[in-house]
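*Asks:* Encoded as structure tokens, here's the structure I'll be asking about.
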Amino acid sequence: MVLALALLAAPAVGQVASFTMAEDAIEAPLDGLRGDPARGEAVVRNRETANCLICHSIPGAAESFMGEVGPPLAGVRSRLSPGQIRLRVVDPTLWNPQAIMPAYHRTEGLVRVDPRYRGRPVLTAQEVEDVVAYLSALEAPER
């Protein structure tokens with residue numbers, strides 16, 4: 001089953017990119033962008049925007065606090081494809097309507113939105129692709 005979500009034809013900065021969802025993934029990179037793992041790691045570690053570490057842990061991080069609500073991100077590449085990771089970052093409720101993880105690349109139908117993000121997604125299409133590149137490169141920790 002393919003669900004086409006045409007949100008905007010050519011998104012401007014701060015707008016939501018269009019994408020096509022197939023099953024449980026968004027296979028094509030948003031806006032055809034290529035992600036950079038180093039920039040993606042910076043996004044994941046940033047506690048002011050994505051704030052991934054409030055719920056997840058990442059390997060090798062010298063962080064003072066990492067959450068345990070969400071699954072550890074170490075080895076996510078062995079559990080999810082890049083398209084599945086992309087969907088979960090863009091809007092996890094498209095995969096699981098009961099997801100507690102926030103939608104990072106959506107603007108419609110949200111409640112209690114921080115004023116900084118009203119009318120714009122938390123992450124740009126480029127930042128989403130950077131996060132996908134970083135998470136897709138994470139190895140499982142050695143035992």
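Every chain in the structure tokens has a letter given in the order shown (A, B, ...), and although residue numbers restart at 1 in each chain, ligands are simply numbered from 1 in the order shown.
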As a PyMOL selection string, which residues of chain A does DSSP assign to helix (DSSP H, G or I)?
*Replies:* chain A and resi 30-32+37-45+52-54+76-79+82-90+92-94+115-117+125-137
*Asks:* Those residues you just picked out, can you put them in a file as a short mmCIF file (atom, residue, chain, number, x, y, z; two decimals), in the first residue's frame with N, CA and C atoms?
*Replies:*
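Contents of out-v5.cif, as written:
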data_model
loop_
_atom_site.label_atom_id
_atom_site.label_comp_id
_atom_site.auth_asym_id
_atom_site.auth_seq_id
_atom_site.Cartn_x
_atom_site.Cartn_y
_atom_site.Cartn_z
N LEU A 30 14.10 12.91 1.76
CA LEU A 30 13.28 14.12 1.63
C LEU A 30 13.97 15.10 0.69
N ASP A 31 13.22 15.64 -0.24
CA ASP A 31 13.72 16.61 -1.22
C ASP A 31 14.95 16.11 -1.97
N GLY A 32 15.17 14.78 -2.00
CA GLY A 32 16.33 14.22 -2.69
C GLY A 32 17.66 14.56 -2.04
N PRO A 37 26.43 12.13 8.27
CA PRO A 37 26.39 11.55 9.61
C PRO A 37 26.93 12.47 10.71
N ALA A 38 27.95 13.24 10.43
CA ALA A 38 28.52 14.15 11.46
C ALA A 38 27.51 15.23 11.83
N ARG A 39 26.84 15.79 10.84
CA ARG A 39 25.81 16.79 11.15
C ARG A 39 24.65 16.12 11.87
N GLY A 40 24.31 14.88 11.49
CA GLY A 40 23.24 14.15 12.14
C GLY A 40 23.53 13.89 13.60
N GLU A 41 24.77 13.55 13.92
CA GLU A 41 25.14 13.34 15.32
C GLU A 41 24.96 14.63 16.11
N ALA A 42 25.32 15.75 15.51
CA ALA A 42 25.15 17.05 16.18
C ALA A 42 23.67 17.32 16.45
N VAL A 43 22.81 16.97 15.51
CA VAL A 43 21.36 17.17 15.71
C VAL A 43 20.87 16.27 16.84
N VAL A 44 21.27 15.01 16.83
CA VAL A 44 20.84 14.06 17.86
C VAL A 44 21.30 14.51 19.24
N ARG A 45 22.51 15.04 19.34
CA ARG A 45 23.06 15.49 20.63
C ARG A 45 22.52 16.85 21.08
N CYS A 52 16.90 14.30 21.31
CA CYS A 52 16.75 12.84 21.24
C CYS A 52 17.21 12.16 22.52
N LEU A 53 18.23 12.74 23.17
CA LEU A 53 18.82 12.09 24.34
C LEU A 53 17.94 12.15 25.58
N ILE A 54 16.86 12.88 25.51
CA ILE A 54 15.94 12.87 26.65
C ILE A 54 15.24 11.51 26.76
N VAL A 76 20.81 0.63 15.74
CA VAL A 76 19.51 0.82 15.09
C VAL A 76 19.57 0.38 13.63
N ARG A 77 20.74 0.50 13.01
CA ARG A 77 20.88 0.10 11.60
C ARG A 77 20.62 -1.37 11.37
N SER A 78 20.78 -2.18 12.43
CA SER A 78 20.51 -3.62 12.29
C SER A 78 19.03 -3.93 12.51
N ARG A 79 18.28 -2.96 13.04
CA ARG A 79 16.85 -3.17 13.32
C ARG A 79 15.94 -2.49 12.32
N PRO A 82 17.03 2.61 6.49
CA PRO A 82 17.03 4.07 6.46
C PRO A 82 15.61 4.64 6.25
N GLY A 83 14.82 3.99 5.42
CA GLY A 83 13.45 4.45 5.19
C GLY A 83 12.57 4.35 6.43
N GLN A 84 12.77 3.30 7.21
CA GLN A 84 12.02 3.14 8.45
C GLN A 84 12.47 4.18 9.49
N ILE A 85 13.77 4.43 9.55
CA ILE A 85 14.28 5.47 10.45
C ILE A 85 13.70 6.82 10.05
N ARG A 86 13.71 7.10 8.74
CA ARG A 86 13.19 8.39 8.23
C ARG A 86 11.74 8.59 8.66
N LEU A 87 10.91 7.56 8.49
CA LEU A 87 9.50 7.67 8.88
C LEU A 87 9.36 7.98 10.36
N ARG A 88 10.14 7.31 11.18
CA ARG A 88 10.04 7.51 12.63
C ARG A 88 10.50 8.90 13.05
N VAL A 89 11.42 9.49 12.32
CA VAL A 89 11.86 10.86 12.62
C VAL A 89 10.85 11.87 12.07
N VAL A 90 10.39 11.67 10.86
CA VAL A 90 9.42 12.59 10.25
C VAL A 90 8.15 12.64 11.08
N PRO A 92 6.40 9.66 13.68
CA PRO A 92 6.23 8.27 14.12
C PRO A 92 4.77 7.85 14.24
N THR A 93 3.84 8.80 14.32
CA THR A 93 2.43 8.41 14.42
C THR A 93 1.89 7.85 13.10
N LEU A 94 2.59 8.06 12.01
CA LEU A 94 2.19 7.44 10.74
C LEU A 94 2.47 5.94 10.78
N PRO A 115 6.18 27.74 20.99
CA PRO A 115 6.03 28.89 20.09
C PRO A 115 7.14 29.00 19.04
N ARG A 116 8.32 28.50 19.35
CA ARG A 116 9.43 28.55 18.37
C ARG A 116 9.13 27.72 17.13
N TYR A 117 8.24 26.74 17.25
CA TYR A 117 8.00 25.82 16.15
C TYR A 117 6.61 25.91 15.55
N ALA A 125 14.18 19.36 6.36
CA ALA A 125 14.38 18.14 5.57
C ALA A 125 15.85 17.74 5.60
N GLN A 126 16.76 18.71 5.52
CA GLN A 126 18.20 18.39 5.57
C GLN A 126 18.58 17.78 6.91
N GLU A 127 18.06 18.34 8.00
CA GLU A 127 18.37 17.79 9.32
C GLU A 127 17.81 16.37 9.48
N VAL A 128 16.63 16.12 8.95
CA VAL A 128 16.08 14.76 8.98
C VAL A 128 17.03 13.82 8.26
N GLU A 129 17.47 14.19 7.08
CA GLU A 129 18.38 13.32 6.32
C GLU A 129 19.72 13.15 7.02
N ASP A 130 20.19 14.17 7.70
CA ASP A 130 21.43 14.06 8.47
C ASP A 130 21.26 13.07 9.62
N VAL A 131 20.13 13.14 10.32
CA VAL A 131 19.85 12.21 11.41
C VAL A 131 19.74 10.78 10.87
N VAL A 132 19.08 10.61 9.74
CA VAL A 132 18.96 9.28 9.12
C VAL A 132 20.36 8.74 8.79
N ALA A 133 21.22 9.58 8.23
CA ALA A 133 22.58 9.14 7.89
C ALA A 133 23.35 8.73 9.14
N TYR A 134 23.23 9.50 10.20
CA TYR A 134 23.92 9.18 11.46
C TYR A 134 23.40 7.87 12.06
N LEU A 135 22.09 7.77 12.20
CA LEU A 135 21.52 6.59 12.83
C LEU A 135 21.74 5.33 11.98
N SER A 136 21.75 5.50 10.67
CA SER A 136 21.98 4.36 9.77
C SER A 136 23.41 3.85 9.84
N ALA A 137 24.30 4.64 10.42
CA ALA A 137 25.70 4.24 10.54
C ALA A 137 26.04 3.67 11.92
#
*Asks:* Give the strand (DSSP E) residues of chain A, as DSSP finds them on the backbone, and put them as number ranges by chain.
*Replies:* A: 2-5, 19-22
*Asks:* For Ile58 (chain A), please output as a PyMOL selection string all residues within 8 Å (counting only C-alpha atoms; exclusion window: fewer than 2 positions along the same chain).
*Replies:* chain A and resi 53+56+60-61+66+72-74
*Asks:* List as a VMD selection string the protein and nucleic acid residues near Leu123 (chain A), meaning an atom at most 6 Å away when only C-alpha atoms are counted, but skip any in the same chain fewer than 2 places from it.
*Replies:* chain A and resid 104 to 105 121 127
*Asks:* Contacts of Pro141 (chain A) at 9 Å or less, counting only C-alpha atoms, minus same-chain residues fewer than 2 places along, as an NGL selection string?
*Replies:* :A and (59 or 74-75 or 138-139 or 143)
*Asks:* I'd like the interatomic distance between CA of Gln15 (chain A) and CA of Gly35 (chain A), to a tenth of an Å.
*Replies:*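 It comes out at 17.7 Å.
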